[in-house]
file protein.tsv (TSV, C-alpha atoms)
chain	number	residue	atom	x	y	z
H	130	MET	CA	20.28	-122.51	39.56
H	131	VAL	CA	17.81	-119.74	40.41
H	132	THR	CA	16.42	-118.95	43.87
H	133	VAL	CA	12.64	-118.52	43.98
H	134	VAL	CA	9.83	-118.13	46.52
H	135	GLY	CA	6.22	-119.26	46.07
H	136	VAL	CA	3.55	-116.62	46.64
H	137	ARG	CA	-0.20	-117.15	46.92
H	138	PHE	CA	-2.73	-114.33	46.53
H	139	LYS	CA	-5.86	-116.13	47.68
H	140	LYS	CA	-6.59	-118.86	50.18
H	141	ALA	CA	-6.17	-122.17	48.31
H	142	GLY	CA	-5.17	-120.19	45.23
H	143	LYS	CA	-2.53	-121.09	42.70
H	144	VAL	CA	1.10	-120.59	43.77
H	145	TYR	CA	3.21	-118.24	41.65
H	146	TYR	CA	6.98	-118.00	41.82
H	147	PHE	CA	9.09	-114.86	42.17
H	148	ASN	CA	12.72	-113.90	42.65
H	149	PRO	CA	13.20	-112.90	46.32
H	150	GLY	CA	15.52	-110.16	45.08
H	151	GLY	CA	17.91	-110.28	48.04
H	152	LEU	CA	15.11	-110.08	50.62
H	153	ASP	CA	15.20	-112.41	53.63
H	154	LEU	CA	11.83	-114.12	53.19
H	155	ALA	CA	10.20	-117.01	55.04
H	156	VAL	CA	6.91	-118.88	54.84
H	157	GLY	CA	4.12	-116.69	56.21
H	158	ASP	CA	5.67	-113.37	55.23
H	159	LYS	CA	3.35	-110.91	53.48
H	160	VAL	CA	4.88	-109.34	50.36
H	161	ILE	CA	4.16	-106.86	47.59
H	162	VAL	CA	4.89	-108.11	44.07
H	163	GLU	CA	4.32	-106.98	40.51
H	164	THR	CA	2.18	-109.29	38.38
H	165	SER	CA	0.60	-109.19	34.94
H	166	ARG	CA	-2.53	-107.79	36.62
H	167	GLY	CA	-0.64	-105.03	38.42
H	168	VAL	CA	0.87	-104.65	41.88
H	169	GLU	CA	-0.50	-107.31	44.22
H	170	TYR	CA	-0.37	-108.28	47.90
H	171	GLY	CA	0.35	-111.93	48.68
H	172	GLU	CA	1.71	-114.41	51.19
H	173	VAL	CA	4.88	-116.49	50.91
H	174	VAL	CA	3.83	-120.15	51.04
H	175	THR	CA	7.04	-121.72	49.70
H	176	GLY	CA	10.31	-120.58	51.25
H	177	PRO	CA	13.40	-119.77	49.17
H	178	LYS	CA	14.55	-122.77	47.13
H	179	ASP	CA	16.88	-123.32	44.19
H	180	VAL	CA	15.45	-124.55	40.90
H	181	LYS	CA	16.94	-125.10	37.46
H	182	GLU	CA	16.61	-122.22	35.03
H	183	GLU	CA	14.80	-124.41	32.49
H	184	ASP	CA	12.11	-125.19	35.12
H	185	ILE	CA	10.98	-121.59	35.52
H	186	ILE	CA	8.76	-119.46	33.31
H	187	THR	CA	10.61	-116.34	32.29
H	188	PRO	CA	10.70	-113.48	32.88
H	189	LEU	CA	10.82	-114.14	36.63
H	190	LYS	CA	9.74	-110.99	38.43
H	191	ASP	CA	11.23	-109.79	41.71
H	192	VAL	CA	9.45	-109.42	45.03
H	193	MET	CA	9.21	-105.65	45.43
H	194	ARG	CA	9.26	-105.54	49.23
H	195	LYS	CA	7.83	-106.98	52.39
H	196	ALA	CA	4.34	-105.73	53.25
H	197	THR	CA	4.01	-103.06	55.94
H	198	PRO	CA	1.19	-102.35	58.43
H	199	GLU	CA	0.09	-99.57	56.07
H	200	ASP	CA	-0.25	-102.15	53.29
H	201	GLU	CA	-2.51	-104.24	55.52
H	202	VAL	CA	-4.78	-101.22	55.89
H	203	VAL	CA	-4.90	-100.79	52.11
H	204	VAL	CA	-5.88	-104.46	51.68
H	205	LYS	CA	-8.77	-104.08	54.14
H	206	GLU	CA	-9.93	-100.89	52.38
H	207	ASN	CA	-9.80	-102.68	49.02
H	208	ARG	CA	-11.98	-105.50	50.33
H	209	GLN	CA	-14.53	-103.01	51.62
H	210	LYS	CA	-14.53	-101.08	48.35
H	211	ALA	CA	-14.95	-104.36	46.45
H	212	LEU	CA	-18.10	-105.14	48.46
H	213	GLU	CA	-19.51	-101.74	47.58
H	214	ALA	CA	-18.58	-102.26	43.92
H	215	GLU	CA	-20.38	-105.61	43.94
H	216	LYS	CA	-23.68	-103.98	44.94
H	217	ILE	CA	-23.38	-101.39	42.18
H	218	ALA	CA	-22.42	-104.02	39.60
H	219	ILE	CA	-25.49	-106.14	40.44
H	220	GLU	CA	-27.71	-103.11	39.85
H	221	LYS	CA	-26.01	-102.42	36.51
H	222	ILE	CA	-26.38	-106.07	35.43
H	223	GLN	CA	-30.10	-105.93	36.20
H	224	LYS	CA	-30.41	-102.61	34.36
H	225	HIS	CA	-28.87	-104.11	31.21
H	226	LYS	CA	-30.90	-107.33	31.65
H	227	LEU	CA	-27.85	-109.55	31.21
H	228	GLU	CA	-28.08	-113.31	31.79
H	229	MET	CA	-25.06	-113.53	34.11
H	230	LYS	CA	-24.45	-114.26	37.78
H	231	LEU	CA	-21.89	-112.12	39.61
H	232	ILE	CA	-19.71	-114.29	41.86
H	233	ASP	CA	-16.96	-112.07	43.23
H	234	VAL	CA	-15.33	-108.66	42.88
H	235	GLU	CA	-11.77	-107.69	43.72
H	236	TYR	CA	-9.40	-104.75	43.38
H	237	THR	CA	-5.74	-105.21	42.64
H	238	PHE	CA	-3.59	-103.92	45.49
H	239	ASP	CA	-2.77	-100.65	43.71
H	240	ARG	CA	-6.41	-100.26	42.57
H	241	SER	CA	-5.29	-100.04	38.97
H	242	LYS	CA	-7.86	-102.68	38.01
H	243	LEU	CA	-11.26	-103.82	39.25
H	244	ILE	CA	-12.08	-107.43	38.37
H	245	PHE	CA	-15.59	-108.90	38.26
H	246	TYR	CA	-15.97	-112.69	38.19
H	247	PHE	CA	-19.21	-114.09	36.82
H	248	THR	CA	-20.85	-117.25	35.50
H	249	ALA	CA	-23.18	-117.54	32.53
H	250	ASP	CA	-24.62	-120.30	30.37
H	251	GLY	CA	-23.14	-118.85	27.20
H	252	ARG	CA	-21.42	-115.80	25.78
H	253	VAL	CA	-22.51	-112.45	27.20
H	254	ASP	CA	-22.26	-109.10	25.42
H	255	PHE	CA	-21.18	-106.93	28.34
H	256	ARG	CA	-19.61	-104.03	26.41
H	257	GLU	CA	-22.20	-101.51	27.60
H	258	LEU	CA	-21.89	-102.82	31.15
H	259	VAL	CA	-18.12	-102.27	31.08
H	260	LYS	CA	-18.64	-98.66	29.94
H	261	ASP	CA	-21.06	-98.03	32.79
H	262	LEU	CA	-18.74	-99.58	35.38
H	263	ALA	CA	-15.73	-97.65	34.08
H	264	ALA	CA	-17.69	-94.39	34.33
H	265	VAL	CA	-18.59	-95.13	37.96
H	266	PHE	CA	-15.26	-96.45	39.27
H	267	ARG	CA	-12.85	-94.61	36.93
H	268	THR	CA	-10.35	-97.46	36.73
H	269	ARG	CA	-9.63	-100.35	34.39
H	270	ILE	CA	-12.50	-102.86	34.40
H	271	GLU	CA	-12.14	-106.57	33.68
H	272	LEU	CA	-15.08	-108.97	33.49
H	273	ARG	CA	-13.92	-112.57	33.72
H	274	GLN	CA	-16.24	-115.50	33.02
H	275	ILE	CA	-15.48	-118.54	35.18
H	276	GLY	CA	-16.74	-122.12	35.36
H	277	VAL	CA	-18.85	-123.81	38.01
H	278	ARG	CA	-15.82	-125.39	39.71
H	279	ASP	CA	-14.20	-121.97	40.11
H	280	GLU	CA	-17.50	-120.64	41.44
H	281	ALA	CA	-17.56	-123.30	44.16
H	282	LYS	CA	-13.91	-122.56	44.98
H	283	MET	CA	-14.65	-118.85	45.45
H	284	LEU	CA	-17.90	-119.22	47.40
H	285	GLY	CA	-16.94	-122.26	49.49
H	286	GLY	CA	-19.42	-124.53	51.25
H	287	ILE	CA	-19.85	-127.81	53.11
H	288	GLY	CA	-19.39	-131.04	51.18
H	289	PRO	CA	-21.33	-134.30	51.68
H	290	CYS	CA	-18.53	-135.42	54.04
H	291	GLY	CA	-19.48	-132.62	56.45
H	292	ARG	CA	-16.24	-130.68	55.93
H	293	CYS	CA	-15.48	-127.53	53.97
H	294	ILE	CA	-15.00	-128.40	50.29
H	295	CYS	CA	-11.44	-129.22	49.30
H	296	CYS	CA	-11.11	-126.67	46.49
H	297	SER	CA	-11.78	-123.72	48.81
H	298	THR	CA	-9.50	-124.91	51.63
H	299	PHE	CA	-6.31	-126.43	50.21
H	300	LEU	CA	-6.50	-127.41	46.52
H	301	GLY	CA	-4.42	-124.89	44.60
H	302	GLU	CA	-5.38	-126.26	41.20
H	303	PHE	CA	-8.03	-128.59	39.81
H	304	ASP	CA	-6.85	-132.04	38.71
H	305	PRO	CA	-8.77	-134.07	36.12
H	306	VAL	CA	-11.40	-136.38	37.63
H	307	SER	CA	-13.07	-139.19	35.70
H	308	ILE	CA	-15.92	-141.63	36.22
H	309	LYS	CA	-13.32	-144.43	36.01
H	310	MET	CA	-12.01	-143.33	39.41
H	311	ALA	CA	-15.45	-143.86	40.96
H	312	LYS	CA	-15.67	-147.32	39.37
H	313	GLN	CA	-12.21	-148.22	40.69
H	314	GLN	CA	-13.32	-147.38	44.21
H	315	ASN	CA	-16.58	-149.39	43.97
H	316	LEU	CA	-18.66	-146.27	44.51
H	317	SER	CA	-22.26	-145.86	43.48
H	318	LEU	CA	-22.42	-144.28	40.03
H	319	ASN	CA	-25.43	-142.24	41.10
H	320	PRO	CA	-24.52	-138.68	39.96
H	321	VAL	CA	-26.02	-137.20	43.12
H	322	LYS	CA	-23.66	-139.22	45.33
H	323	ILE	CA	-20.41	-138.63	43.43
H	324	SER	CA	-20.91	-134.98	42.47
H	325	GLY	CA	-19.73	-132.00	44.47
H	326	LEU	CA	-21.48	-128.68	45.14
H	327	CYS	CA	-20.41	-127.53	41.68
H	328	GLY	CA	-22.31	-130.37	40.01
H	329	ARG	CA	-19.11	-131.94	38.69
H	330	LEU	CA	-17.40	-135.12	39.90
H	331	MET	CA	-15.98	-134.64	43.40
H	332	CYS	CA	-12.28	-133.72	43.48
H	333	CYS	CA	-11.71	-136.19	46.33
H	334	LEU	CA	-12.29	-139.10	43.95
H	335	ARG	CA	-8.73	-138.48	42.82
H	336	PHE	CA	-7.16	-138.70	46.26
H	337	GLU	CA	-7.17	-142.52	46.42
H	338	SER	CA	-6.91	-143.07	42.68
H	339	ASP	CA	-3.12	-143.41	42.66
H	340	SER	CA	-3.19	-146.08	45.37
H	341	TYR	CA	-5.51	-148.15	43.19
H	342	ASP	CA	-3.33	-147.66	40.10
H	343	ASP	CA	-0.06	-148.38	41.94
H	344	SER	CA	-1.27	-151.52	43.71
H	345	THR	CA	1.12	-154.44	43.11
H	346	VAL	CA	-1.35	-156.98	44.52
H	347	LYS	CA	-3.44	-158.90	41.96
H	348	TYR	CA	-7.13	-158.75	42.76
H	349	PRO	CA	-9.87	-160.93	41.27
H	350	ASP	CA	-12.74	-159.21	39.53
H	351	ILE	CA	-16.24	-159.01	40.94
H	352	GLY	CA	-18.08	-162.17	39.89
H	353	ASP	CA	-14.96	-164.36	39.84
H	354	LYS	CA	-15.04	-167.73	41.59
H	355	VAL	CA	-12.47	-168.01	44.40
H	356	VAL	CA	-11.36	-170.37	47.18
H	357	THR	CA	-11.34	-168.96	50.72
H	358	PRO	CA	-10.65	-170.42	54.17
H	359	ALA	CA	-14.44	-170.76	54.51
H	360	GLY	CA	-14.89	-172.55	51.18
H	361	GLU	CA	-15.52	-171.64	47.57
H	362	GLY	CA	-17.50	-168.54	46.73
H	363	THR	CA	-18.07	-165.58	44.42
H	364	VAL	CA	-16.37	-162.17	44.74
H	365	VAL	CA	-18.96	-159.46	45.46
H	366	ALA	CA	-16.70	-156.54	46.42
H	367	VAL	CA	-13.03	-155.52	46.36
H	368	TYR	CA	-11.51	-153.04	48.85
H	369	LYS	CA	-8.06	-152.15	47.58
H	370	PRO	CA	-7.11	-149.62	50.30
H	371	LYS	CA	-7.82	-152.30	52.94
H	372	GLU	CA	-6.45	-155.07	50.69
H	373	THR	CA	-9.51	-157.20	51.41
H	374	ILE	CA	-12.19	-158.97	49.36
H	375	SER	CA	-15.82	-159.73	50.18
H	376	VAL	CA	-16.95	-163.17	49.05
H	377	GLN	CA	-20.37	-164.80	49.06
H	378	ILE	CA	-19.79	-168.39	50.15
H	379	ASP	CA	-21.53	-170.95	47.92
H	380	GLU	CA	-22.50	-173.30	50.75
H	381	ASN	CA	-24.46	-170.96	53.02
H	382	LYS	CA	-24.64	-167.72	50.98
H	383	ASP	CA	-22.93	-165.76	53.79
H	384	VAL	CA	-20.89	-162.74	52.68
H	385	LEU	CA	-17.50	-162.72	54.41
H	386	GLU	CA	-14.49	-160.44	54.12
H	387	PHE	CA	-10.98	-161.88	53.71
H	388	PRO	CA	-7.46	-160.46	53.27
H	389	VAL	CA	-6.54	-160.73	49.60
H	390	GLU	CA	-3.59	-163.05	50.34
H	391	GLU	CA	-5.98	-165.64	51.83
H	392	VAL	CA	-8.02	-165.91	48.63
H	393	ASP	CA	-7.10	-167.93	45.55
H	394	GLU	CA	-8.84	-167.75	42.21
H	395	VAL	CA	-10.45	-170.91	40.89
H	396	GLU	CA	-8.68	-172.00	37.71
H	397	GLU	CA	-11.03	-172.42	34.78
H	398	GLN	CA	-11.24	-175.95	33.39
H	399	PRO	CA	-10.08	-176.23	29.76
call {"tool": "encode", "arguments": {"input": "protein.tsv", "output": "structure tokens"}}
result
Amino acid sequence: MVTVVGVRFKKAGKVYYFNPGGLDLAVGDKVIVETSRGVEYGEVVTGPKDVKEEDIITPLKDVMRKATPEDEVVVKENRQKALEAEKIAIEKIQKHKLEMKLIDVEYTFDRSKLIFYFTADGRVDFRELVKDLAAVFRTRIELRQIGVRDEAKMLGGIGPCGRCICCSTFLGEFDPVSIKMAKQQNLSLNPVKISGLCGRLMCCLRFESDSYDDSTVKYPDIGDKVVTPAGEGTVVAVYKPKETISVQIDENKDVLEFPVEEVDEVEEQP
């Protein structure tokens, strides 16, 4: 077994695992670690736990040390410098007339690399832009093209539910979302109503999907004939989370809602 801690570098970012290296770490501690991008500042979000060696991706790097007040100052300075770099980068992009939209800029903790995140409809030849940026900032420059879902995650916003969008508040990674999930939940298939700020299907469609898949109760399909306490009728809606069914009664055309256990399907005559 190997002891690891989970570290996150951005709010709602992906969790990466490191060897605590003998340090006494707890959730909420700020730490300095070495990553493939360079030395980074992060927060412990998963306390020390033992995992099997085959479940980790090697090599597992050590946490270098706990962050100090001086490190906090460096992080604030890096954020300010990144804002200044963003203004310069926008000017350079306009100068080179590149069809790209700059989304975010960040320095690694040790300022060994300056990363620019952007979106574009296709491939962008930014070689001359990189040369210009390297001449100005005199550090390693990385331009990283991201998708529209990552753009929404970085910029944030308010979803149609009136709350901050899930991806920017707590979703560490994007899970696949399909139109089948919207159909399962009897939602309108109007793209405007089931799409998020990114223009893709809303991530929250997945939240209830498992409860629909795991349901052990047999539900009739919409359009099926059923017998209810109020008489025979036709199924017009199914609400699996509530375990109820809406039925239009044949006799008076009223639409009533019944618990699924109170409804029996009409057997087809041979």
call {"tool": "closest_atom_pairs", "arguments": {"input": "protein.tsv", "of": "range 252-349 of chain H", "to": "range 142-150 of chain H", "cutoff": "8 Å", "atoms": "only C-alpha atoms", "output": "Markdown table"}}
result
| residue | atom | partner | partner_atom | distance |
| --- | --- | --- | --- | --- |
| H:Leu300 | CA | H:Gly142 | CA | 7.5 |
| H:Gly301 | CA | H:Lys143 | CA | 4.6 |
| H:Glu302 | CA | H:Lys143 | CA | 6.1 |
call {"tool": "atom_distance", "arguments": {"input": "protein.tsv", "atom1": "CA of Ile287 in chain H", "atom2": "CA of Gly325 in chain H"}}
result
9.6 Å
call {"tool": "atom_distance", "arguments": {"input": "protein.tsv", "atom1": "CA of Ile351 in chain H", "atom2": "CA of Asn381 in chain H"}}
result
18.9 Å
call {"tool": "atom_distance", "arguments": {"input": "protein.tsv", "atom1": "CA of Thr298 in chain H", "atom2": "CA of Lys139 in chain H"}}
result
10.3 Å
call {"tool": "residues_around", "arguments": {"input": "protein.tsv", "residues": "Leu262 in chain H", "least_positions_apart": "3", "cutoff": "12 Å", "atoms": "all atoms listed in the file", "output": "compact mmCIF listing (two decimals) with C-alpha atoms, in the frame of the given file"}}
result
# COMPACT_ATOMS: atom_id res chain seq x y z
CA ALA H 214 -18.58 -102.26 43.92
CA GLU H 215 -20.38 -105.61 43.94
CA LYS H 216 -23.68 -103.98 44.94
CA ILE H 217 -23.38 -101.39 42.18
CA ALA H 218 -22.42 -104.02 39.60
CA ILE H 219 -25.49 -106.14 40.44
CA GLU H 220 -27.71 -103.11 39.85
CA LYS H 221 -26.01 -102.42 36.51
CA ILE H 222 -26.38 -106.07 35.43
CA HIS H 225 -28.87 -104.11 31.21
CA LYS H 242 -7.86 -102.68 38.01
CA LEU H 243 -11.26 -103.82 39.25
CA ILE H 244 -12.08 -107.43 38.37
CA PHE H 245 -15.59 -108.90 38.26
CA PHE H 255 -21.18 -106.93 28.34
CA ARG H 256 -19.61 -104.03 26.41
CA GLU H 257 -22.20 -101.51 27.60
CA LEU H 258 -21.89 -102.82 31.15
CA VAL H 259 -18.12 -102.27 31.08
CA VAL H 265 -18.59 -95.13 37.96
CA PHE H 266 -15.26 -96.45 39.27
CA ARG H 267 -12.85 -94.61 36.93
CA THR H 268 -10.35 -97.46 36.73
CA ARG H 269 -9.63 -100.35 34.39
CA ILE H 270 -12.50 -102.86 34.40
CA GLU H 271 -12.14 -106.57 33.68
CA LEU H 272 -15.08 -108.97 33.49
call {"tool": "residues_around", "arguments": {"input": "protein.tsv", "residues": "Ile232 in chain H", "least_positions_apart": "4", "cutoff": "7 Å", "atoms": "all atoms listed in the file", "output": "ChimeraX atom specification"}}
result
/H:246-247,280
call {"tool": "closest_residue", "arguments": {"input": "protein.tsv", "among": "H:Ile308, H:Val355, H:Val367, H:Ala155", "to": "Lys178 in chain H", "atoms": "only C-alpha atoms"}}
result
H:Ala155
call {"tool": "closest_residue", "arguments": {"input": "protein.tsv", "among": "H:Ser307, H:Thr237, H:Thr175, H:Leu154", "to": "Ala196 in chain H", "atoms": "all atoms listed in the file"}}
result
H:Leu154
call {"tool": "closest_residue", "arguments": {"input": "protein.tsv", "among": "H:Ile161, H:Val133, H:Met283, H:Leu330", "to": "Leu189 in chain H", "atoms": "only C-alpha atoms"}}
result
H:Val133
call {"tool": "closest_residue", "arguments": {"input": "protein.tsv", "among": "H:Gly328, H:Pro358, H:Gly286, H:Gly135", "to": "Val180 in chain H", "atoms": "all atoms listed in the file"}}
result
H:Gly135
call {"tool": "closest_residue", "arguments": {"input": "protein.tsv", "among": "H:Ala141, H:Met229, H:Val174, H:Ala281", "to": "Gly157 in chain H", "atoms": "only C-alpha atoms"}}
result
H:Val174
call {"tool": "closest_residue", "arguments": {"input": "protein.tsv", "among": "H:Val168, H:Ala359, H:Val306, H:Leu212", "to": "Phe238 in chain H", "atoms": "all atoms listed in the file"}}
result
H:Val168
call {"tool": "residues_near_point", "arguments": {"input": "protein.tsv", "point": "(-18.1, -116.8, 25.7)", "cutoff": "12 Å", "atoms": "all atoms listed in the file", "output": "PyMOL selection string"}}
result
chain H and resi 229+247-255+272-276
call {"tool": "residues_around", "arguments": {"input": "protein.tsv", "residues": "Phe303 in chain H", "least_positions_apart": "5", "cutoff": "10 Å", "atoms": "only C-alpha atoms", "output": "JSON, numbers by chain"}}
result
{"H": [143, 278, 279, 282, 296, 332]}
call {"tool": "write_last_selection", "arguments": {"input": "protein.tsv", "atoms": "C-alpha atoms", "output": "PDB file, keeping the file's coordinate frame"}}
result
ATOM      1  CA  LYS H 143      -2.530-121.090  42.700  1.00  0.00           C
ATOM      2  CA  ARG H 278     -15.820-125.390  39.710  1.00  0.00           C
ATOM      3  CA  ASP H 279     -14.200-121.970  40.110  1.00  0.00           C
ATOM      4  CA  LYS H 282     -13.910-122.560  44.980  1.00  0.00           C
ATOM      5  CA  CYS H 296     -11.110-126.670  46.490  1.00  0.00           C
ATOM      6  CA  CYS H 332     -12.280-133.720  43.480  1.00  0.00           C
TER       7      CYS H 332
END
call {"tool": "residues_near_point", "arguments": {"input": "protein.tsv", "point": "(6.2, -109.9, 37.9)", "cutoff": "7 Å", "atoms": "all atoms listed in the file", "output": "compact mmCIF listing (two decimals) with C-alpha atoms, in the coordinates of the input"}}
result
# COMPACT_ATOMS: atom_id res chain seq x y z
CA VAL H 162 4.89 -108.11 44.07
CA GLU H 163 4.32 -106.98 40.51
CA THR H 164 2.18 -109.29 38.38
CA SER H 165 0.60 -109.19 34.94
CA LEU H 189 10.82 -114.14 36.63
CA LYS H 190 9.74 -110.99 38.43
CA ASP H 191 11.23 -109.79 41.71
call {"tool": "residues_around", "arguments": {"input": "protein.tsv", "residues": "Lys309 in chain H", "least_positions_apart": "3", "cutoff": "12 Å", "atoms": "only C-alpha atoms", "output": "PyMOL selection string"}}
result
chain H and resi 305-306+312-318+323+330+334-335+338+341-342
call {"tool": "residues_around", "arguments": {"input": "protein.tsv", "residues": "Glu390 in chain H", "least_positions_apart": "5", "cutoff": "10 Å", "atoms": "only C-alpha atoms", "output": "JSON, numbers by chain"}}
result
{"H": [346, 347, 348, 357, 372, 373, 374]}
